[in-house]
Each structure stands twice: as structure tokens, then as C-alpha cells.
file target.cif (mmCIF, C-alpha atoms and all ligand atoms; chains and numbers go by the auth columns)
data_model
loop_
_atom_site.group_PDB
_atom_site.id
_atom_site.type_symbol
_atom_site.label_atom_id
_atom_site.label_comp_id
_atom_site.label_asym_id
_atom_site.label_seq_id
_atom_site.Cartn_x
_atom_site.Cartn_y
_atom_site.Cartn_z
_atom_site.B_iso_or_equiv
_atom_site.auth_seq_id
_atom_site.auth_asym_id
ATOM 1 C CA MET A 1 110.818 122.217 89.635 0.00 263 A
ATOM 2 C CA THR A 2 113.683 119.690 89.501 0.00 264 A
ATOM 3 C CA THR A 3 113.570 116.801 91.988 0.00 265 A
ATOM 4 C CA PRO A 4 115.727 117.624 95.044 0.00 266 A
ATOM 5 C CA GLU A 5 118.622 115.381 96.152 0.00 267 A
ATOM 6 C CA TYR A 6 117.989 112.232 98.183 0.00 268 A
ATOM 7 C CA ASP A 7 118.623 112.826 101.921 0.00 269 A
ATOM 8 C CA ASN A 8 120.471 109.857 103.495 0.00 270 A
ATOM 9 C CA ASP A 9 119.175 110.829 106.931 0.00 271 A
ATOM 10 C CA ASN A 10 115.471 110.479 106.201 0.00 272 A
ATOM 11 C CA ILE A 11 113.630 108.218 108.661 0.00 273 A
ATOM 12 C CA PHE A 12 113.160 105.299 106.262 0.00 274 A
ATOM 13 C CA ALA A 13 116.876 105.300 105.356 0.00 275 A
ATOM 14 C CA LYS A 14 117.567 105.026 109.099 0.00 276 A
ATOM 15 C CA ILE A 15 115.093 102.136 109.384 0.00 277 A
ATOM 16 C CA LEU A 16 116.828 100.372 106.465 0.00 278 A
ATOM 17 C CA ARG A 17 120.213 100.817 108.136 0.00 279 A
ATOM 18 C CA GLY A 18 118.773 99.470 111.415 0.00 280 A
ATOM 19 C CA GLU A 19 119.366 102.790 113.168 0.00 281 A
ATOM 20 C CA MET A 20 115.637 103.152 113.925 0.00 282 A
ATOM 21 C CA PRO A 21 113.255 100.351 114.957 0.00 283 A
ATOM 22 C CA SER A 22 110.428 99.093 112.773 0.00 284 A
ATOM 23 C CA PHE A 23 107.868 96.275 112.761 0.00 285 A
ATOM 24 C CA LYS A 24 109.162 94.224 109.832 0.00 286 A
ATOM 25 C CA VAL A 25 106.623 92.309 107.763 0.00 287 A
ATOM 26 C CA TYR A 26 108.728 91.106 104.835 0.00 288 A
ATOM 27 C CA GLU A 27 112.169 91.590 103.301 0.00 289 A
ATOM 28 C CA ASP A 28 113.962 90.418 100.161 0.00 290 A
ATOM 29 C CA ASP A 29 117.091 91.503 98.268 0.00 291 A
ATOM 30 C CA HIS A 30 115.414 94.601 96.846 0.00 292 A
ATOM 31 C CA THR A 31 112.597 95.645 99.181 0.00 293 A
ATOM 32 C CA TYR A 32 111.606 96.018 102.831 0.00 294 A
ATOM 33 C CA ALA A 33 108.029 96.054 104.165 0.00 295 A
ATOM 34 C CA PHE A 34 107.108 97.323 107.641 0.00 296 A
ATOM 35 C CA MET A 35 104.140 98.644 109.570 0.00 297 A
ATOM 36 C CA ASP A 36 103.118 102.307 109.422 0.00 298 A
ATOM 37 C CA ILE A 37 103.151 103.672 112.995 0.00 299 A
ATOM 38 C CA MET A 38 100.259 106.022 112.171 0.00 300 A
ATOM 39 C CA PRO A 39 97.939 103.485 110.551 0.00 301 A
ATOM 40 C CA ARG A 40 94.946 104.705 108.578 0.00 302 A
ATOM 41 C CA ALA A 41 93.416 101.221 109.102 0.00 303 A
ATOM 42 C CA PRO A 42 94.535 98.016 110.880 0.00 304 A
ATOM 43 C CA GLY A 43 97.300 96.325 108.886 0.00 305 A
ATOM 44 C CA HIS A 44 98.552 99.532 107.188 0.00 306 A
ATOM 45 C CA CYS A 45 101.960 98.564 105.781 0.00 307 A
ATOM 46 C CA LEU A 46 104.674 100.434 103.862 0.00 308 A
ATOM 47 C CA VAL A 47 106.870 98.953 101.122 0.00 309 A
ATOM 48 C CA ILE A 48 110.203 100.587 100.260 0.00 310 A
ATOM 49 C CA PRO A 49 113.084 99.833 97.906 0.00 311 A
ATOM 50 C CA LYS A 50 116.497 99.215 99.444 0.00 312 A
ATOM 51 C CA VAL A 51 118.144 101.578 96.968 0.00 313 A
ATOM 52 C CA PRO A 52 118.033 105.290 97.817 0.00 314 A
ATOM 53 C CA CYS A 53 115.416 107.284 95.908 0.00 315 A
ATOM 54 C CA ARG A 54 112.982 110.020 96.933 0.00 316 A
ATOM 55 C CA ASN A 55 109.869 108.948 95.071 0.00 317 A
ATOM 56 C CA LEU A 56 108.328 107.959 91.725 0.00 318 A
ATOM 57 C CA LEU A 57 110.078 110.872 90.020 0.00 319 A
ATOM 58 C CA ASP A 58 113.665 109.703 90.553 0.00 320 A
ATOM 59 C CA ALA A 59 113.262 105.929 91.149 0.00 321 A
ATOM 60 C CA ASP A 60 114.701 103.568 88.542 0.00 322 A
ATOM 61 C CA THR A 61 112.129 101.399 86.781 0.00 323 A
ATOM 62 C CA GLU A 62 113.588 98.147 88.136 0.00 324 A
ATOM 63 C CA SER A 63 113.101 99.339 91.711 0.00 325 A
ATOM 64 C CA LEU A 64 109.532 100.383 90.911 0.00 326 A
ATOM 65 C CA GLY A 65 108.913 96.842 89.679 0.00 327 A
ATOM 66 C CA HIS A 66 110.393 95.274 92.809 0.00 328 A
ATOM 67 C CA VAL A 67 108.335 97.526 95.081 0.00 329 A
ATOM 68 C CA ILE A 68 105.034 96.835 93.322 0.00 330 A
ATOM 69 C CA ALA A 69 105.735 93.082 93.333 0.00 331 A
ATOM 70 C CA THR A 70 106.254 93.217 97.104 0.00 332 A
ATOM 71 C CA ALA A 71 103.182 95.447 97.482 0.00 333 A
ATOM 72 C CA GLN A 72 101.185 92.719 95.728 0.00 334 A
ATOM 73 C CA LYS A 73 102.454 90.108 98.212 0.00 335 A
ATOM 74 C CA ILE A 74 101.489 92.384 101.117 0.00 336 A
ATOM 75 C CA ALA A 75 98.097 93.186 99.574 0.00 337 A
ATOM 76 C CA ARG A 76 97.268 89.499 99.154 0.00 338 A
ATOM 77 C CA ALA A 77 98.439 88.803 102.712 0.00 339 A
ATOM 78 C CA GLY A 78 96.343 91.749 103.989 0.00 340 A
ATOM 79 C CA MET A 79 93.196 90.361 102.365 0.00 341 A
ATOM 80 C CA LYS A 80 93.669 87.114 104.288 0.00 342 A
ATOM 81 C CA ALA A 81 95.114 88.369 107.591 0.00 343 A
ATOM 82 C CA PHE A 82 92.404 90.994 108.133 0.00 344 A
ATOM 83 C CA ASP A 83 89.587 89.305 106.215 0.00 345 A
ATOM 84 C CA ALA A 84 89.596 92.503 104.119 0.00 346 A
ATOM 85 C CA ASP A 85 87.142 93.380 101.358 0.00 347 A
ATOM 86 C CA GLY A 86 89.704 95.413 99.435 0.00 348 A
ATOM 87 C CA ILE A 87 93.098 97.101 99.536 0.00 349 A
ATOM 88 C CA THR A 88 93.983 100.769 99.072 0.00 350 A
ATOM 89 C CA VAL A 89 97.447 101.473 97.627 0.00 351 A
ATOM 90 C CA GLN A 90 98.675 105.057 98.034 0.00 352 A
ATOM 91 C CA GLN A 91 101.863 106.763 96.943 0.00 353 A
ATOM 92 C CA PHE A 92 102.730 110.476 97.298 0.00 354 A
ATOM 93 C CA ASN A 93 105.391 112.541 95.516 0.00 355 A
ATOM 94 C CA GLU A 94 107.027 115.719 96.887 0.00 356 A
ATOM 95 C CA ASP A 95 105.472 118.180 99.372 0.00 357 A
ATOM 96 C CA ALA A 96 102.817 119.346 96.978 0.00 358 A
ATOM 97 C CA GLY A 97 101.878 115.738 96.277 0.00 359 A
ATOM 98 C CA GLY A 98 101.375 114.997 99.981 0.00 360 A
ATOM 99 C CA GLN A 99 104.720 113.268 100.602 0.00 361 A
ATOM 100 C CA ILE A 100 106.129 113.566 104.130 0.00 362 A
ATOM 101 C CA VAL A 101 108.977 111.028 104.184 0.00 363 A
ATOM 102 C CA PHE A 102 111.357 111.355 101.240 0.00 364 A
ATOM 103 C CA HIS A 103 112.337 107.741 100.596 0.00 365 A
ATOM 104 C CA TYR A 104 110.072 106.187 97.958 0.00 366 A
ATOM 105 C CA HIS A 105 107.287 104.140 99.574 0.00 367 A
ATOM 106 C CA VAL A 106 103.960 102.587 98.771 0.00 368 A
ATOM 107 C CA HIS A 107 101.171 102.341 101.359 0.00 369 A
ATOM 108 C CA VAL A 108 99.224 99.069 101.382 0.00 370 A
ATOM 109 C CA ILE A 109 96.049 99.445 103.441 0.00 371 A
ATOM 110 C CA PRO A 110 93.470 96.697 104.073 0.00 372 A
ATOM 111 C CA ARG A 111 89.890 98.004 103.742 0.00 373 A
ATOM 112 C CA HIS A 112 86.439 96.870 104.788 0.00 374 A
ATOM 113 C CA GLU A 113 83.147 97.624 103.092 0.00 375 A
ATOM 114 C CA GLY A 114 81.633 100.837 104.509 0.00 376 A
ATOM 115 C CA VAL A 115 84.579 101.606 106.851 0.00 377 A
ATOM 116 C CA LYS A 116 86.341 104.919 106.155 0.00 378 A
ATOM 117 C CA MET A 117 90.118 105.260 106.569 0.00 379 A
ATOM 118 C CA GLY A 118 91.205 107.026 109.745 0.00 380 A
ATOM 119 C CA PRO A 119 92.871 110.466 109.587 0.00 381 A
ATOM 120 C CA PRO A 120 96.599 110.724 108.749 0.00 382 A
ATOM 121 C CA GLY A 121 99.177 111.652 111.390 0.00 383 A
ATOM 122 C CA VAL A 122 97.584 109.906 114.377 0.00 384 A
ATOM 123 C CA MET A 123 100.038 107.673 116.261 0.00 385 A
ATOM 124 C CA GLY A 124 98.748 104.130 116.671 0.00 386 A
ATOM 125 C CA ASP A 125 98.954 101.761 119.640 0.00 387 A
ATOM 126 C CA MET A 126 102.367 100.060 119.343 0.00 388 A
ATOM 127 C CA ASP A 127 101.215 96.704 120.790 0.00 389 A
ATOM 128 C CA GLU A 128 98.346 96.609 118.314 0.00 390 A
ATOM 129 C CA ILE A 129 100.612 97.559 115.395 0.00 391 A
ATOM 130 C CA LYS A 130 103.127 94.887 116.394 0.00 392 A
ATOM 131 C CA ALA A 131 100.373 92.252 116.611 0.00 393 A
ATOM 132 C CA ASN A 132 98.936 93.316 113.244 0.00 394 A
ATOM 133 C CA GLY A 133 102.415 93.160 111.699 0.00 395 A
ATOM 134 C CA GLU A 134 102.805 89.599 112.936 0.00 396 A
ATOM 135 C CA LYS A 135 99.372 88.651 111.561 0.00 397 A
ATOM 136 C CA LEU A 136 100.285 90.135 108.196 0.00 398 A
ATOM 137 C CA ALA A 137 103.748 88.534 108.100 0.00 399 A
ATOM 138 C CA ALA A 138 102.215 85.116 108.806 0.00 400 A
ATOM 139 C CA GLU A 139 100.179 85.353 105.577 0.00 401 A
ATOM 140 C CA VAL A 140 102.952 86.524 103.235 0.00 402 A
ATOM 141 C CA LEU A 141 103.729 83.798 100.697 0.00 403 A
HETATM 142 P P1 LIG B . 103.825 110.006 103.103 0.00 501 B
HETATM 143 O O1 LIG B . 105.244 110.472 102.891 0.00 501 B
HETATM 144 O O2 LIG B . 103.463 108.832 102.233 0.00 501 B
HETATM 145 O O3 LIG B . 102.824 111.097 102.997 0.00 501 B
HETATM 146 O O4 LIG B . 103.683 109.545 104.610 0.00 501 B
HETATM 147 C C1 LIG B . 104.704 108.907 105.309 0.00 501 B
HETATM 148 C C2 LIG B . 104.117 107.798 106.130 0.00 501 B
HETATM 149 O O5 LIG B . 105.153 107.317 106.972 0.00 501 B
HETATM 150 C C3 LIG B . 102.941 108.189 107.027 0.00 501 B
HETATM 151 O O6 LIG B . 101.856 107.302 106.807 0.00 501 B
HETATM 152 C C4 LIG B . 103.503 108.064 108.435 0.00 501 B
HETATM 153 O O7 LIG B . 102.549 107.597 109.344 0.00 501 B
HETATM 154 C C5 LIG B . 104.637 107.079 108.259 0.00 501 B
HETATM 155 N N1 LIG B . 105.747 107.295 109.179 0.00 501 B
HETATM 156 C C6 LIG B . 106.314 108.479 109.523 0.00 501 B
HETATM 157 N N2 LIG B . 107.340 108.293 110.381 0.00 501 B
HETATM 158 C C7 LIG B . 107.417 106.949 110.574 0.00 501 B
HETATM 159 C C8 LIG B . 108.286 106.133 111.359 0.00 501 B
HETATM 160 O O8 LIG B . 109.183 106.598 112.056 0.00 501 B
HETATM 161 N N3 LIG B . 108.088 104.789 111.302 0.00 501 B
HETATM 162 C C9 LIG B . 107.089 104.230 110.550 0.00 501 B
HETATM 163 N N4 LIG B . 106.983 102.897 110.555 0.00 501 B
HETATM 164 N N5 LIG B . 106.237 104.967 109.800 0.00 501 B
HETATM 165 C C10 LIG B . 106.407 106.311 109.813 0.00 501 B
#

call {"tool": "encode", "arguments": {"input": "target.cif", "output": "C-alpha cells"}}
result
Amino acid sequence: MTTPEYDNDNIFAKILRGEMPSFKVYEDDHTYAFMDIMPRAPGHCLVIPKVPCRNLLDADTESLGHVIATAQKIARAGMKAFDADGITVQQFNEDAGGQIVFHYHVHVIPRHEGVKMGPPGVMGDMDEIKANGEKLAAEVL
């Protein structure tokens, strides 16, 4: 299968354009980090490039580098903000690979020893997500 075209109207493109709200954690020239509204654990954050690309298959290598550098900042902040024992980084590609939103993104999820991740697709409490986003943002160096 060839990688389909990027869709400018995907939800993360709308968030980048400010057409949809998001709980921002961090932003620089190349990347944007914001809270997942269906968190698998407290502090679940998403990192996206500002350039349009669907996923790992069509992203340019520079953008991949920028995204992983920001993911590292978020991961380090997550360890501190949530007194985490570890961080899970997830990234899905195309339908068959489990991808739902087709703008390249990396999940950064704080984890605690012996605590399983929650199920996907369950809407979180917005006040809690906002508060967790602020906690995370406060620890980003
Ligand atoms: P994936 O494509 O990596 O499988 O999943 C997309 C992720 O985006 C999911 O974790 C889902 O909870 C999250 N998500 C879907 N729609 C929105 C949205 O409108 N805002 C935010 N912040 N996250 C979303």
C-alpha cells in the first residue's frame, strides 16, 4: 500500500491552526505538545510536528528529530511532575498500525510501578487534564 495523502482537516491540524482548543504544554518553532483528552494515565501528552505529515512513513527526518527531542523534554518533565517511575512512548502508523488521527504524533505517558495503563478511547475529566497539563508544563525545561 502507498501512504495516502495528508488531510489538512484532521483534528490535530485544526488544533495547530487554533481552530480547535487544546491544553498546551510546550511549543517551539517546530513542534507542539498538548494533553491527550482520552488519557491512558495522568499526564498523557502528545507531541506533533508543525509541518503536515501523516506519520512515520511520510515524515521528513528533520521533523522526526524535532519531535523526539520535544518528546524527551516532556518525558523528563513527566518523571518530575507526576513522580513517575517510567515513561511509555507510543506511536502508531496507518489504520492497521492502530493510528486514529492522521497527523504524526508521539504519545508520552508517565507510568508508575505496577499500575496498568487505562483503556484507549475513554474521555477524561477536562478539569483534571487541564491541571495535569499545567503541572507538566511547569516542569518543562
Ligand atoms: P492514535 O492515532 O495515536 O491511535 O490516537 C490518537 C490519540 O489522539 C488518542 O490517544 C486520542 O485520545 C487523542 N485524541 C483524539 N482526538 C483528540 C482531540 O480532539 N484532542 C486531543 N487533545 N486528543 C485527541

call {"tool": "residues_near_point", "arguments": {"input": "target.cif", "point": "(95.2, 112.8, 107.1)", "cutoff": "12 Å", "atoms": "only C-alpha atoms", "output": "list in words"}}
result
Met300, Pro301, Arg302, Ala303, Gly360, Gln361, Ile362, Lys378, Met379, Gly380, Pro381, Pro382, Gly383, Val384 and Met385 of chain A

call {"tool": "closest_residue", "arguments": {"input": "target.cif", "among": "A:Pro266, A:Gly348, A:Gly376, A:Pro283", "to": "ligand LIG 501 (chain B)", "atoms": "only C-alpha atoms and all ligand atoms"}}
result
A:Pro283

call {"tool": "residues_around", "arguments": {"input": "target.cif", "residues": "stretch 307-324 of chain A", "least_positions_apart": "6", "cutoff": "8 Å", "atoms": "all atoms listed in the file", "output": "number ranges by chain"}}
result
A: 265, 267-268, 270, 275, 278, 291-298, 301, 332-333, 336, 354-356, 364-371

call {"tool": "closest_residue", "arguments": {"input": "target.cif", "among": "A:Gly386, A:Pro304, A:Gly327, A:Pro372", "to": "ligand LIG 501 (chain B)", "atoms": "all atoms listed in the file"}}
result
A:Gly386

call {"tool": "closest_residue", "arguments": {"input": "target.cif", "among": "A:Ala400, A:Ala337, A:Ala331, A:Ile273", "to": "ligand LIG 501 (chain B)", "atoms": "all atoms listed in the file"}}
result
A:Ile273

call {"tool": "atom_distance", "arguments": {"input": "target.cif", "atom1": "atom O2 of ligand LIG 501 (chain B)", "atom2": "atom CA of A:Asp389"}}
result
22.3 Å

call {"tool": "axis_aligned_box", "arguments": {"input": "target.cif", "around": "stretch 267-272 of chain A", "padding_each_side": "6 Å", "output": "lines of an AutoDock Vina configuration file"}}
result
center_x = 118.0
center_y = 112.6
center_z = 101.5
size_x = 17.0
size_y = 17.5
size_z = 22.8

call {"tool": "closest_residue", "arguments": {"input": "target.cif", "among": "A:Arg373, A:Asp357, A:Ala339, A:Asn272", "to": "A:Leu403", "atoms": "only C-alpha atoms"}}
result
A:Ala339

call {"tool": "resolve_selection", "arguments": {"input": "target.cif", "expression": "the PyMOL selection byres (((chain A and resi 396) around 10) and not hetatm)", "output": "number ranges by chain"}}
result
A: 285-287, 297, 305, 343, 390-395, 397-401

call {"tool": "atom_distance", "arguments": {"input": "target.cif", "atom1": "atom C9 of ligand LIG 501 (chain B)", "atom2": "atom CA of A:Ile299"}}
result
4.7 Å

call {"tool": "closest_residue", "arguments": {"input": "target.cif", "among": "A:Asp387, A:Val363, A:His374, A:Lys335", "to": "A:Phe274", "atoms": "all atoms listed in the file"}}
result
A:Val363

call {"tool": "closest_residue", "arguments": {"input": "target.cif", "among": "A:Gln352, A:Arg338, A:Val377, A:Ala358", "to": "A:Val402", "atoms": "all atoms listed in the file"}}
result
A:Arg338

call {"tool": "decode", "arguments": {"input": "target.cif", "residues": "stretch 356-396 of chain A", "atoms": "N, CA and C atoms", "output": "mmCIF file, in the first residue's frame"}}
result
data_model
loop_
_atom_site.group_PDB
_atom_site.id
_atom_site.type_symbol
_atom_site.label_atom_id
_atom_site.label_comp_id
_atom_site.auth_asym_id
_atom_site.auth_seq_id
_atom_site.Cartn_x
_atom_site.Cartn_y
_atom_site.Cartn_z
ATOM 1 N N GLU A 356 -0.877 4.367 10.343
ATOM 2 C CA GLU A 356 -1.980 3.892 9.493
ATOM 3 C C GLU A 356 -2.963 3.034 10.303
ATOM 4 N N ASP A 357 -4.151 2.853 9.734
ATOM 5 C CA ASP A 357 -5.245 2.103 10.380
ATOM 6 C C ASP A 357 -4.760 0.784 10.966
ATOM 7 N N ALA A 358 -4.084 0.040 10.134
ATOM 8 C CA ALA A 358 -3.658 -1.302 10.540
ATOM 9 C C ALA A 358 -2.644 -1.244 11.671
ATOM 10 N N GLY A 359 -1.956 -0.106 11.780
ATOM 11 C CA GLY A 359 -0.976 0.068 12.847
ATOM 12 C C GLY A 359 -1.577 0.695 14.098
ATOM 13 N N GLY A 360 -2.894 0.907 14.095
ATOM 14 C CA GLY A 360 -3.567 1.441 15.282
ATOM 15 C C GLY A 360 -3.707 2.944 15.293
ATOM 16 N N GLN A 361 -3.354 3.609 14.166
ATOM 17 C CA GLN A 361 -3.447 5.079 14.137
ATOM 18 C C GLN A 361 -4.890 5.519 13.929
ATOM 19 N N ILE A 362 -5.295 6.556 14.678
ATOM 20 C CA ILE A 362 -6.661 7.078 14.576
ATOM 21 C C ILE A 362 -6.653 8.492 14.021
ATOM 22 N N VAL A 363 -5.681 9.304 14.467
ATOM 23 C CA VAL A 363 -5.575 10.684 13.965
ATOM 24 C C VAL A 363 -4.370 10.755 13.039
ATOM 25 N N PHE A 364 -4.594 11.241 11.812
ATOM 26 C CA PHE A 364 -3.567 11.144 10.772
ATOM 27 C C PHE A 364 -2.746 12.420 10.601
ATOM 28 N N HIS A 365 -2.215 12.899 11.727
ATOM 29 C CA HIS A 365 -1.119 13.879 11.751
ATOM 30 C C HIS A 365 -0.102 13.252 12.692
ATOM 31 N N TYR A 366 1.120 13.071 12.225
ATOM 32 C CA TYR A 366 2.147 12.373 13.004
ATOM 33 C C TYR A 366 2.174 12.838 14.456
ATOM 34 N N HIS A 367 2.144 11.906 15.399
ATOM 35 C CA HIS A 367 2.232 12.258 16.816
ATOM 36 C C HIS A 367 2.851 11.134 17.621
ATOM 37 N N VAL A 368 3.481 11.568 18.710
ATOM 38 C CA VAL A 368 4.090 10.630 19.649
ATOM 39 C C VAL A 368 3.391 10.800 20.993
ATOM 40 N N HIS A 369 2.966 9.701 21.588
ATOM 41 C CA HIS A 369 2.371 9.712 22.926
ATOM 42 C C HIS A 369 3.492 9.627 23.959
ATOM 43 N N VAL A 370 3.401 10.469 24.981
ATOM 44 C CA VAL A 370 4.369 10.412 26.091
ATOM 45 C C VAL A 370 3.548 10.222 27.369
ATOM 46 N N ILE A 371 3.702 9.055 27.986
ATOM 47 C CA ILE A 371 2.777 8.653 29.064
ATOM 48 C C ILE A 371 3.555 8.305 30.344
ATOM 49 N N PRO A 372 3.392 9.116 31.398
ATOM 50 C CA PRO A 372 4.044 8.788 32.666
ATOM 51 C C PRO A 372 3.486 7.467 33.233
ATOM 52 N N ARG A 373 4.370 6.659 33.803
ATOM 53 C CA ARG A 373 3.945 5.349 34.338
ATOM 54 C C ARG A 373 4.435 5.132 35.764
ATOM 55 N N HIS A 374 3.681 4.338 36.499
ATOM 56 C CA HIS A 374 4.057 4.000 37.868
ATOM 57 C C HIS A 374 4.142 2.486 38.020
ATOM 58 N N GLU A 375 5.108 2.069 38.774
ATOM 59 C CA GLU A 375 5.362 0.645 39.018
ATOM 60 C C GLU A 375 4.062 -0.069 39.380
ATOM 61 N N GLY A 376 3.715 -1.125 38.644
ATOM 62 C CA GLY A 376 2.554 -1.951 38.984
ATOM 63 C C GLY A 376 1.204 -1.371 38.588
ATOM 64 N N VAL A 377 1.184 -0.192 37.940
ATOM 65 C CA VAL A 377 -0.098 0.425 37.543
ATOM 66 C C VAL A 377 -0.262 0.274 36.027
ATOM 67 N N LYS A 378 -1.303 -0.446 35.616
ATOM 68 C CA LYS A 378 -1.546 -0.658 34.182
ATOM 69 C C LYS A 378 -2.090 0.613 33.539
ATOM 70 N N MET A 379 -1.846 0.788 32.245
ATOM 71 C CA MET A 379 -2.452 1.913 31.513
ATOM 72 C C MET A 379 -3.949 1.667 31.423
ATOM 73 N N GLY A 380 -4.720 2.754 31.427
ATOM 74 C CA GLY A 380 -6.163 2.645 31.223
ATOM 75 C C GLY A 380 -6.464 2.296 29.771
ATOM 76 N N PRO A 381 -7.741 1.957 29.477
ATOM 77 C CA PRO A 381 -8.115 1.599 28.105
ATOM 78 C C PRO A 381 -8.088 2.818 27.185
ATOM 79 N N PRO A 382 -7.884 2.624 25.884
ATOM 80 C CA PRO A 382 -7.938 3.762 24.949
ATOM 81 C C PRO A 382 -9.384 4.196 24.724
ATOM 82 N N GLY A 383 -9.560 5.424 24.253
ATOM 83 C CA GLY A 383 -10.888 5.882 23.817
ATOM 84 C C GLY A 383 -11.835 6.277 24.920
ATOM 85 N N VAL A 384 -11.341 6.461 26.134
ATOM 86 C CA VAL A 384 -12.220 6.879 27.243
ATOM 87 C C VAL A 384 -11.924 8.347 27.560
ATOM 88 N N MET A 385 -12.927 9.198 27.356
ATOM 89 C CA MET A 385 -12.772 10.640 27.574
ATOM 90 C C MET A 385 -12.420 10.917 29.037
ATOM 91 N N GLY A 386 -11.417 11.754 29.242
ATOM 92 C CA GLY A 386 -11.008 12.100 30.597
ATOM 93 C C GLY A 386 -11.794 13.276 31.156
ATOM 94 N N ASP A 387 -11.546 13.584 32.426
ATOM 95 C CA ASP A 387 -12.155 14.741 33.082
ATOM 96 C C ASP A 387 -11.345 15.984 32.675
ATOM 97 N N MET A 388 -12.016 16.950 32.046
ATOM 98 C CA MET A 388 -11.301 18.098 31.458
ATOM 99 C C MET A 388 -10.577 18.945 32.502
ATOM 100 N N ASP A 389 -11.175 19.102 33.697
ATOM 101 C CA ASP A 389 -10.509 19.891 34.751
ATOM 102 C C ASP A 389 -9.217 19.208 35.196
ATOM 103 N N GLU A 390 -9.303 17.892 35.308
ATOM 104 C CA GLU A 390 -8.131 17.100 35.711
ATOM 105 C C GLU A 390 -7.043 17.168 34.629
ATOM 106 N N ILE A 391 -7.453 17.059 33.378
ATOM 107 C CA ILE A 391 -6.479 17.097 32.272
ATOM 108 C C ILE A 391 -5.805 18.469 32.221
ATOM 109 N N LYS A 392 -6.607 19.510 32.397
ATOM 110 C CA LYS A 392 -6.063 20.875 32.397
ATOM 111 C C LYS A 392 -5.032 21.029 33.524
ATOM 112 N N ALA A 393 -5.405 20.567 34.721
ATOM 113 C CA ALA A 393 -4.500 20.675 35.874
ATOM 114 C C ALA A 393 -3.220 19.872 35.635
ATOM 115 N N ASN A 394 -3.355 18.675 35.065
ATOM 116 C CA ASN A 394 -2.175 17.856 34.789
ATOM 117 C C ASN A 394 -1.292 18.501 33.722
ATOM 118 N N GLY A 395 -1.917 19.146 32.749
ATOM 119 C CA GLY A 395 -1.159 19.865 31.714
ATOM 120 C C GLY A 395 -0.343 20.999 32.316
ATOM 121 N N GLU A 396 -0.941 21.683 33.275
ATOM 122 C CA GLU A 396 -0.234 22.794 33.933
ATOM 123 C C GLU A 396 0.933 22.272 34.780
#
